[in-house]
Amino acid sequence: MNVTQVLKGRGAVSNPAGRFERAPSVAVHDGWDRPEDEDFPSLSPETTFLPDKTRNIIATNNSPDVPFEQSINPYKGCEHGCIYCYARPTHAFLDLSPGLDFETKIFYKTDPVERLLEALDKPGYVCRTLALGTNTDPYQPGEKELKVTRRLLETLLDCRHPVSIVTKGALIVRDLDILGELADLGLVSVGVSITTLDNELKTKLEPRTASPGARLRMVRELKAAGVPVGIMMAPVIPFINDHEIETVVEGAAQAGAEFAGYVMLRLPFEVKDLFVEWLQEHYPLKAEHVMSRVREMRGGKAYQAEWGTRMRGQGVYADLIAKRFEVARRKYGLDVSRRAELRTDLFRRGQGMLF
């Protein structure tokens, strides 16, 4: 589908073909009103949920600049529609678009409890913190009905397994009962993603996410339930939200956050063109200025994937952002070293729990 107008509640402006499609095609509406014709979908595509029958539910990585070694993503694709999402290119592996397809065709893990117990019961399994939602949000809107994340958390609690969560979804407060029990055992840590405190910007940048105020309430409620909680300002975008660093950190501290981190804007593969398209639509006078600063941080390119620099960038601007964030963290007492160390000594395998 080729879209030439901004769709309400969607982040991407278009639906370009994925990079692995050998013969991509584009449907162009000829103006005739034929809603029954599936070759010409509506300009307001609805979200569809599809089963993802992955056999191995736990993914591992050895990236030295990522603070986890293993993770579970309950969903592929994300209805939140954040235009900057570095996970968008993964939809290309499904022969789908990293654009609107990523936001509207959501795959959910089938039999998540069974697959998780199988993984934990393997003889060579070593208990290490499992990160939930490292690629896409575990508390995106579909979780309200599908409850994949909740079922995974129930299983991790039964097995006394440590888990960390990063989310911008207010639905996490639904699971305070489980999270509170995990916290009592020293088995959980939550990072709430707060990119901006400006609701107008949030609506453009992350259209189907919780409002900034709701995210601060999430921090307060998690803190009140005894759950170790901090915030992630991810991403920091030049001339779009970089001026908010200090106010975001201050607001998080006042809400009860214990730690804070940030990630610089990353634009791998198709994300670059989608983000530039978004800039030209919403901030046409700033677009080239933003991308010029991005290239300045990335050695003249839109993105560099090298470990050690991909999360922060390089150069004068990147150093300035790092300094500002560090000063703000110290001022409000949100040192990253306060992130809770989770226990692994309570782990018990789940063999027989299904029977």
# chains A, B, ... in the order shown; residues from 1 in each chain; ligands from 1
call {"tool": "select_by_dssp", "arguments": {"residues": "stretch 36-156 of chain A", "states": "strand (DSSP E)", "output": "list of chain:residue names"}}
result
A:Thr48, A:Phe49, A:Leu50, A:Pro51, A:Asp52, A:Ala59, A:Thr60, A:Gln70, A:Ser71, A:Ile72, A:Tyr75, A:Lys76, A:Lys105, A:Ile106, A:Phe107, A:Tyr108, A:Lys109, A:Leu130, A:Ala131, A:Leu132
call {"tool": "select_by_dssp", "arguments": {"residues": "stretch 118-270 of chain A", "states": "alpha helix (DSSP H)", "output": "VMD selection string"}}
result
chain A and resid 118 to 120 143 to 146 148 to 158 176 to 184 199 to 205 212 to 224 245 to 255
call {"tool": "residues_around", "arguments": {"residues": "A:Met297", "least_positions_apart": "3", "cutoff": "8 Å", "atoms": "only C-alpha atoms", "output": "MDAnalysis selection string"}}
result
chainID A and resid 293:294 300 313:315 317:318
call {"tool": "write_last_selection", "arguments": {"atoms": "C-alpha atoms", "output": "PDB file, in the first residue's frame"}}
result
ATOM      1  CA  ARG A 293      23.374  16.433  13.086  1.00  0.00           C
ATOM      2  CA  VAL A 294      22.629  12.689  12.929  1.00  0.00           C
ATOM      3  CA  GLY A 300      28.958  11.115   7.884  1.00  0.00           C
ATOM      4  CA  GLY A 313      27.155   8.338  18.735  1.00  0.00           C
ATOM      5  CA  GLN A 314      30.444  10.207  18.447  1.00  0.00           C
ATOM      6  CA  GLY A 315      31.634  13.779  18.240  1.00  0.00           C
ATOM      7  CA  TYR A 317      27.188  16.848  19.988  1.00  0.00           C
ATOM      8  CA  ALA A 318      27.159  13.252  21.271  1.00  0.00           C
TER       9      ALA A 318
END
call {"tool": "residues_around", "arguments": {"residues": "stretch 69-79 of chain A", "least_positions_apart": "4", "cutoff": "7 Å", "atoms": "only C-alpha atoms", "output": "ChimeraX atom specification"}}
result
/A:57-62,91,102-109,130-138,140-141,148-149,208
call {"tool": "atom_distance", "arguments": {"atom1": "atom CA of A:Ala257", "atom2": "atom CA of A:Phe347"}}
result
27.3 Å
call {"tool": "residues_around", "arguments": {"residues": "stretch 179-193 of chain A", "least_positions_apart": "3", "cutoff": "9 Å", "atoms": "only C-alpha atoms", "output": "ChimeraX atom specification"}}
result
/A:129,153,156-157,160-169,173,175-176,215-216,218-219,222,225-234,257,259-260,339-344,346
call {"tool": "closest_atom_pairs", "arguments": {"of": "stretch 47-149 of chain A", "to": "stretch 261-264 of chain A", "cutoff": "12 Å", "atoms": "only C-alpha atoms", "output": "CSV"}}
result
residue,atom,partner,partner_atom,distance
A:Asp65,CA,A:Val263,CA,10.9
A:Val66,CA,A:Val263,CA,11.0
A:Pro67,CA,A:Gly261,CA,11.5
A:Tyr84,CA,A:Met264,CA,10.7
A:Cys85,CA,A:Val263,CA,11.9
A:Tyr86,CA,A:Met264,CA,11.4
call {"tool": "write_last_selection", "arguments": {"atoms": "C-alpha atoms", "output": "tab-separated table (two decimals), in the first residue's frame"}}
result
chain	number	residue	atom	x	y	z
A	65	ASP	CA	26.75	-2.61	24.74
A	66	VAL	CA	23.44	-4.34	25.54
A	67	PRO	CA	22.74	-4.97	29.25
A	84	TYR	CA	12.12	5.57	15.21
A	85	CYS	CA	11.80	1.91	16.26
A	86	TYR	CA	14.99	0.03	15.40
call {"tool": "atom_distance", "arguments": {"atom1": "atom CA of A:Ala210", "atom2": "atom CA of A:Ala170"}}
result
5.9 Å
call {"tool": "decode", "arguments": {"residues": "stretch 106-246 of chain A", "atoms": "C-alpha atoms", "output": "compact mmCIF listing (two decimals), in the first residue's frame"}}
result
# COMPACT_ATOMS: atom_id res chain seq x y z
CA ILE A 106 1.34 -8.19 14.79
CA PHE A 107 2.59 -11.73 15.46
CA TYR A 108 2.12 -13.22 18.93
CA LYS A 109 3.90 -16.17 20.53
CA THR A 110 1.77 -19.31 20.64
CA ASP A 111 1.99 -21.67 23.62
CA PRO A 112 4.36 -19.31 25.44
CA VAL A 113 4.23 -21.16 28.76
CA GLU A 114 5.02 -24.52 27.16
CA ARG A 115 7.90 -23.09 25.11
CA LEU A 116 9.34 -21.25 28.11
CA LEU A 117 9.22 -24.29 30.38
CA GLU A 118 10.89 -26.36 27.68
CA ALA A 119 13.71 -23.82 27.48
CA LEU A 120 14.18 -23.58 31.25
CA ASP A 121 14.18 -27.37 31.61
CA LYS A 122 17.03 -27.96 29.17
CA PRO A 123 19.97 -29.59 31.00
CA GLY A 124 22.44 -26.92 29.97
CA TYR A 125 20.25 -23.93 30.81
CA VAL A 126 21.94 -21.37 33.06
CA CYS A 127 19.72 -18.93 34.94
CA ARG A 128 20.40 -15.34 33.87
CA THR A 129 18.06 -12.37 33.80
CA LEU A 130 15.55 -12.62 30.97
CA ALA A 131 14.75 -9.31 29.31
CA LEU A 132 11.14 -8.93 28.15
CA GLY A 133 10.35 -6.74 25.20
CA THR A 134 13.80 -5.82 23.94
CA ASN A 135 12.67 -5.60 20.31
CA THR A 136 8.99 -4.69 20.60
CA ASP A 137 6.89 -3.62 23.56
CA PRO A 138 5.53 -6.46 25.73
CA TYR A 139 2.64 -4.19 26.80
CA GLN A 140 1.42 -2.99 23.43
CA PRO A 141 -2.39 -2.78 23.01
CA GLY A 142 -2.92 -6.39 21.88
CA GLU A 143 -1.57 -7.69 25.20
CA LYS A 144 -4.84 -6.64 26.88
CA GLU A 145 -6.64 -9.56 25.21
CA LEU A 146 -3.82 -11.94 24.29
CA LYS A 147 -2.07 -11.88 27.70
CA VAL A 148 1.13 -13.44 26.37
CA THR A 149 3.30 -11.26 28.61
CA ARG A 150 1.21 -11.97 31.69
CA ARG A 151 1.42 -15.72 31.14
CA LEU A 152 5.19 -15.49 30.75
CA LEU A 153 5.47 -13.50 33.99
CA GLU A 154 3.33 -16.03 35.87
CA THR A 155 5.65 -18.80 34.68
CA LEU A 156 8.79 -16.87 35.60
CA LEU A 157 7.36 -16.29 39.07
CA ASP A 158 6.61 -19.99 39.47
CA CYS A 159 10.18 -20.81 38.44
CA ARG A 160 11.67 -18.01 40.56
CA HIS A 161 13.43 -16.65 37.49
CA PRO A 162 14.73 -13.03 37.27
CA VAL A 163 13.22 -10.77 34.61
CA SER A 164 13.73 -7.20 33.43
CA ILE A 165 11.13 -5.25 31.48
CA VAL A 166 11.26 -2.13 29.32
CA THR A 167 7.90 -0.67 28.27
CA LYS A 168 5.96 2.46 27.44
CA GLY A 169 2.63 0.65 27.87
CA ALA A 170 0.37 1.63 30.78
CA LEU A 171 -1.05 -1.90 30.75
CA ILE A 172 1.88 -2.97 32.93
CA VAL A 173 -0.03 -1.80 36.01
CA ARG A 174 -2.52 -4.61 35.36
CA ASP A 175 0.25 -7.02 36.39
CA LEU A 176 1.26 -5.31 39.63
CA ASP A 177 0.14 -8.42 41.53
CA ILE A 178 2.75 -10.58 39.80
CA LEU A 179 5.39 -7.85 39.65
CA GLY A 180 4.99 -7.19 43.36
CA GLU A 181 5.63 -10.84 44.19
CA LEU A 182 8.65 -10.93 41.90
CA ALA A 183 9.95 -7.74 43.53
CA ASP A 184 9.59 -9.23 47.02
CA LEU A 185 11.92 -12.01 45.86
CA GLY A 186 14.41 -9.68 44.19
CA LEU A 187 13.51 -10.98 40.74
CA VAL A 188 12.32 -7.99 38.70
CA SER A 189 13.35 -4.57 37.45
CA VAL A 190 11.32 -2.26 35.18
CA GLY A 191 12.42 0.54 32.90
CA VAL A 192 9.67 2.90 31.71
CA SER A 193 10.46 4.48 28.36
CA ILE A 194 9.84 8.24 28.47
CA THR A 195 10.88 9.97 25.27
CA THR A 196 9.12 13.28 25.81
CA LEU A 197 6.82 15.10 28.23
CA ASP A 198 5.16 16.94 25.32
CA ASN A 199 1.93 15.13 24.45
CA GLU A 200 1.70 16.76 21.03
CA LEU A 201 5.13 15.44 20.10
CA LYS A 202 4.30 12.05 21.62
CA THR A 203 1.23 11.77 19.39
CA LYS A 204 3.34 12.29 16.28
CA LEU A 205 6.35 10.27 17.39
CA GLU A 206 4.69 7.36 19.25
CA PRO A 207 1.01 7.53 18.26
CA ARG A 208 -0.50 4.57 20.15
CA THR A 209 1.52 4.77 23.33
CA ALA A 210 0.54 5.96 26.79
CA SER A 211 0.67 9.70 27.36
CA PRO A 212 3.68 11.21 29.15
CA GLY A 213 1.53 11.77 32.25
CA ALA A 214 0.40 8.15 32.22
CA ARG A 215 4.02 6.99 32.06
CA LEU A 216 4.95 9.05 35.08
CA ARG A 217 1.97 7.48 36.88
CA MET A 218 3.33 4.08 35.88
CA VAL A 219 6.60 4.95 37.61
CA ARG A 220 4.73 6.05 40.75
CA GLU A 221 2.53 2.95 40.87
CA LEU A 222 5.43 0.56 40.28
CA LYS A 223 7.44 2.32 42.98
CA ALA A 224 4.49 2.14 45.40
CA ALA A 225 4.22 -1.60 44.74
CA GLY A 226 7.87 -2.06 45.69
CA VAL A 227 9.04 -2.75 42.13
CA PRO A 228 12.51 -1.36 41.30
CA VAL A 229 11.81 1.13 38.51
CA GLY A 230 13.76 3.59 36.40
CA ILE A 231 13.33 5.36 33.09
CA MET A 232 14.89 5.20 29.66
CA MET A 233 14.93 8.27 27.44
CA ALA A 234 15.21 6.42 24.17
CA PRO A 235 15.86 7.80 21.73
CA VAL A 236 17.32 11.25 22.11
CA ILE A 237 16.66 12.98 18.76
CA PRO A 238 18.57 16.15 17.78
CA PHE A 239 16.36 19.26 17.70
CA ILE A 240 13.23 17.18 18.37
CA ASN A 241 13.39 16.14 22.02
CA ASP A 242 17.00 16.79 23.10
CA HIS A 243 15.98 20.01 24.85
CA GLU A 244 13.86 17.92 27.27
CA ILE A 245 16.67 15.86 28.83
CA GLU A 246 16.72 17.73 32.11
